[in-house]
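The structure appears right after this line, and notes come after that.
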Amino acid sequence: MKTKPDWWNGFDVSFRPVLDIVPVKQNNAMARYLIKKLGLRPGKRFLDCPSGPGRISIPLAKKGIRVTGVDLIQSYLDDLQRKALKRKLKVETICCDMRKIDFNSEFDAAANIWTSLGYFEKESDNLLVLRRAWQALKPGGKFMVHLVNRDWIMANFAPQHWFQSKDVHVMVENKFDYATSLMNGKWSFVKDGKITSHSFPLRIYTYHELRGMFAKAGFSDIQGFGSIEDEPISRDKRMMFVIGTKQK
């Protein structure tokens with residue numbers, strides 16, 4: 001399956017309710033973990049890329065961190081700005097493809113959260129996301145990628161599952177390509193008796209693959225954790241937190 005250049009058109013609208021499924025308490029816990037692992041303090045600059053509607057940007061901004069949220073979906077950024085305005089917070093937003101950001105040594109830390117890596121057809125483009133993040137960081141800055149663990153997927157593969165987010169029922173059908181580590185997914189959204197479906201592949205990574213990508217992008221002191229309690233990555237941990245540093 002080849003990724004359409006504009007596969008997110010329409011999907012972003014259907015998927016929007018799913019972004020609210022993570023409880024605020026969990027978002028706040030993630031923000032605290034980012035502060036701890038990336039060495040963030042009030043006044044420090046943080047790049048949230050992609051930011052979505054601000055699940056991480058908002059709690060970090062509340063802590064006095066100067067957040068810039070980048071996303072390709074303008075409606076998500078509009079949501080983020082509405083949330084920031086309501087809370088009297090200042091968050092910069094930029095509508096841009098994360099492969100095309102051109103910051104140069106501007107941020108103290110950056111992150112790519114909630115499995116937002118692996119959506120591009122060319123592996124070189126997925127690597128480019130990491131290279132752009134490296135370029136955006138000040139020397140000594142840290143970058144975190146948080147995404148699903150391929151080893152966990154292999155141990156717990158489910159070809160089909162349902163879940164509900166508010167008044168939307170979502171069915172996900174997955175096929176895994178062992179030759180490419182692509183998860184070819186079909187997402188069907190059911191609301192008010194109407195079904196909307198979208199299909200796209202997602203490249204699933206192992207920890208050792210991500211370590212190699214981080215190194216190619218220029219990062220050093222690469223570390224990995226399987227939870228916000230700093231447990232080791234294993235096949236029993238669904239998510240991975242991989243952190244690299246831009247050398248001074």
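Letters A, B, ... mark the chains of the structure tokens in the order given; residue numbers begin at 1 per chain; ligand numbers begin at 1, in order shown.
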
Where in region 44-135 of chain A does DSSP assign strand (DSSP E), given as a PyMOL selection string? chain A and resi 45-48+66-71+92-95+107-112

If we count only C-alpha atoms and set the cut-off at 7 Å, which residues sit around region 91-107 of chain A, ignoring sequence neighbours fewer than 4 positions away in its own chain? Please answer as a PyMOL selection string. chain A and resi 45-47+49-50+61+66-74+77+84+125+128-129+132+135-139

Could those residues be written to a file, using C-alpha atoms, as a short mmCIF file (atom, residue, chain, number, x, y, z; two decimals), in the first residue's frame?
data_model
loop_
_atom_site.label_atom_id
_atom_site.label_comp_id
_atom_site.auth_asym_id
_atom_site.auth_seq_id
_atom_site.Cartn_x
_atom_site.Cartn_y
_atom_site.Cartn_z
CA ARG A 45 11.71 26.81 24.66
CA PHE A 46 10.00 23.57 23.66
CA LEU A 47 9.02 22.34 20.18
CA CYS A 49 5.96 18.60 16.63
CA PRO A 50 3.39 17.52 15.69
CA ALA A 61 2.61 26.10 28.81
CA ARG A 66 7.60 28.66 26.01
CA VAL A 67 5.88 26.23 23.64
CA THR A 68 5.82 26.23 19.85
CA GLY A 69 3.29 23.79 18.40
CA VAL A 70 3.74 22.63 14.81
CA ASP A 71 1.14 20.62 12.94
CA LEU A 72 0.06 20.09 9.34
CA ILE A 73 -3.62 20.34 10.33
CA GLN A 74 -4.72 23.96 10.79
CA LEU A 77 -3.82 24.34 15.74
CA ALA A 84 -4.53 28.57 25.21
CA ASP A 125 11.33 11.09 5.06
CA LEU A 128 14.19 13.54 7.93
CA VAL A 129 11.74 14.24 10.77
CA ARG A 132 14.84 18.46 11.38
CA GLN A 135 18.59 20.99 13.60
CA ALA A 136 15.93 22.81 15.64
CA LEU A 137 17.67 22.14 18.96
CA LYS A 138 20.26 24.25 20.67
CA PRO A 139 23.52 22.42 21.43
#

Can you work out which one of A:Ser181, A:Val148, A:Gly224, A:Val172 has the shortest atom-to-atom distance to Ser199 (chain A), counting only C-alpha atoms?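 For Ser199 (chain A), the nearest of the given residues is A:Val172.
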
Let me make sure I understand: among A:Ile195, A:Ile58, A:Leu117, A:Val168, which one has the smallest atom-to-atom distance to Lys88 (chain A) if we use only C-alpha atoms?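 Closest residue, counting only C-alpha atoms: A:Ile58.
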
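Around Met30 (chain A), within 12 Å and counting only C-alpha atoms, the residues found are Val22, Pro23, Val24, Lys36, Lys37, Leu38, Arg55, Ile56, Ser57, Ile58, Pro59, Leu60, Ala111, Ile113, Trp114, Met144, His146, Ser227, Ile228, Glu229 and Phe241 of chain A, once anything fewer than 6 positions away on its own chain is removed.
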
Tell me, which residues of region 29-246 of chain A carry DSSP alpha helix (DSSP H), written as a VMD selection string? chain A and resid 29 to 38 57 to 62 74 to 86 123 to 136 150 to 155 207 to 217

Skip Asn156 (chain A) itself and residues of its chain fewer than 6 positions away, then list as number ranges by chain all residues within 12 Å of it, counting only C-alpha atoms. A: 148-150, 235-238
